[in-house]
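A short worksheet on the structure shown next.
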Amino acid sequence: MRKRLPIGIQTFQKIREDDCYYVDKTRFAVELVRQGQYYFLSRPRRFGKSLFLDTLKELFEGNRDLFSGLYAENNWDWSVCYPVIHISFGGGVIRDRDDLKRTILSMLRFNRERLGIQCTETDHVSRCFVEMIRNAHHNTGRRVVVLVDEYDKPILDRIEDEAVALEIREGLKDFYSVIKDADAHIKFAFLTGVSKFSKVSLFSGLNNLQDITLDHRYSAICGYMEEDLDHVFSPELEGLDRQQIRLWYNGYNWTGETVYNPFDLLLLFSTRQFRSYWFETGTPSFLIQLLLERRQFTPDLERIVAPETLISTFDVGNIPVEALLFQTGYLTIASMEDIPGFSQFILRYPNLEVRTALNREMLAALTGDAIQSGVHLGKLYRLLSAGDFNGLRSLFHAFYASIPHQWYTNNSIDQYEGFYVSVFYSYFAALGLDIRTEESTNHGRIDMAVLFNRQVYLVEFKVVEEEPEGKAIAQLRNKSYAEKYRSHGWPIHLIGVEFSTTERNIVGFEVETV
């Protein structure tokens, strides 16, 4: 029987009372409460963090009727209720530290009214907060539960203005320090956010948080697992290609089971169309600008090797690209290697949605012309489908010829060789084609392999000063790269592409079918 799709609903009570689909996450909640007291969880936006926190709230407040048929119904002590202070920074944008203060005081006032407690320090954030916790404990005889959602959003909203972001960070640091100071009055605390800021900068007063972000036991605490589609959403699957669903929206991994993005699946079930739903809800321009400033070689995003220390935390003014891409959900964990003393991760795109949409954004930024790059994408697909290599050469030349002259004069990004290859690669990646970059063979690494329409395209890039030198096609031929793909039984096309830094365009384009 089909139920209502809980699109955009973050309230557990509403989901349960309105007969919406619900993937039972209460086992995670019960286990967390049994095993510890203070937790931190980082997950990308629109992944179900807010719903999980609201589920915790309903559990601690003892609303048993909402949990009928769920794991928690028979695994929770319903004889005890706890006062819950629920803080969420999910709504609105904090402009500065004064605005942060007003916002926090407003949320504290709402919680006081809901709990029926008083506070004398109504104009001082940290004093009011600690007084509320103590009074709630005293009035009820039960220690307090503190839930903080989107703890980092005030900083991320102003991350492009370092001075303001630092002021907001200090204001939050003062606020969060209360949680540790009030330990005797707290039963349980759970903080969620997109990013993980350095403990030194933001959590120096709260160093007892247990970070479960990369704990394999909680990899699926947010998001939908493969089995959830079969057991919960089976009525919605009719008429949809299961493999396409998997390729487009599955793949997020935090060292455990891979999961789907919930927001994507719910909108897919509603519209019955494959689109970049999650990506389009708000990719920060700051991210794209940072990738340009750091001269990110876009083919590397297929496979990034990074230690855990690099991707786990960052701070205002010191943001590794790898950490930002991972924590915001544009890259995920492909594999992990445990080395004595630390862990090393290989990161990749989670799925086709992110790969295609992020590369479209990068194309617009790399070429300076979002409209023209979109037109070129359609032409590229049609020419590949037709196997028109002369047309492909003309189109590839047009890729670079369409970049406005002022883009070169106002930016230095074209001064590194990776710029030319990044533009070329991003056009293919933005189409969602089966691309393999830097793939190993017995004789070396292929710059790019594209498998499309029962054809194999092997591409080698070279950058030259002015005239074509024929080195790209020669390497493809001499290294016998085609042998790895013979088993497909498809035509294999060797494509040697040479870029001129003087001409700022392709000067060599040779094709051999073997």
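Identifiers for the structure tokens are assigned positionally: chains receive A, B, ... in sequence, residues are indexed from 1 per chain, and ligands are indexed from 1 in the order shown.
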I'd like the contact shell of A:Ser335 - 10 Å cut-off, only C-alpha atoms, skipping same-chain residues fewer than 3 positions apart - returned as a CSV table (one decimal) with C-alpha atoms, in the first residue's frame.
chain,number,residue,atom,x,y,z
A,253,ASN,CA,29.7,5.9,2.6
A,254,TRP,CA,31.1,6.7,6.1
A,255,THR,CA,33.2,3.5,6.5
A,305,VAL,CA,43.9,10.0,-1.5
A,332,THR,CA,32.6,10.1,-0.2
A,344,GLN,CA,44.0,6.9,5.0
A,345,PHE,CA,41.0,7.2,2.7
A,346,ILE,CA,40.4,7.1,-1.0
A,347,LEU,CA,37.6,9.5,-1.9
A,348,ARG,CA,35.4,9.5,-5.0
May I have the residues within 7 Å of A:Gln10 as a PDB file with C-alpha atoms, in the first residue's frame, using only C-alpha atoms and disregarding those fewer than 2 positions away in the same chain?
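Result saved to result_33.pdb:
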ATOM      1  CA  GLY A   8      10.731  18.195   3.338  1.00  0.00           C
ATOM      2  CA  PHE A  12       8.865  12.788  13.547  1.00  0.00           C
ATOM      3  CA  SER A  50      17.071  17.061  11.747  1.00  0.00           C
ATOM      4  CA  LEU A  51      14.577  14.196  11.638  1.00  0.00           C
TER       5      LEU A  51
END
> Near A:Glu58, within 12 Å and counting only C-alpha atoms, which residues show up once chain neighbours fewer than 4 positions away are dropped, as a PyMOL selection string?
Replying inline: chain A and resi 11-14+16+26+29+51-54+62-67+72-73+76+78+81-86+145+147
> Just how far from atom CA of A:Ile506 is atom CA of A:Ser402, in Å to one decimal?
Replying inline: 12.6 Å
Stretch 36-120 of chain A near stretch 265-283 of chain A within 10 Å: what's each residue's closest atom pair and its distance in Å to one decimal, counting only C-alpha atoms, ordered by chain then ascending residue number, as a tab-separated table?
residue	atom	partner	partner_atom	distance
A:Arg45	CA	A:Trp278	CA	8.6
A:Arg46	CA	A:Trp278	CA	7.5
A:Phe47	CA	A:Trp278	CA	9.4
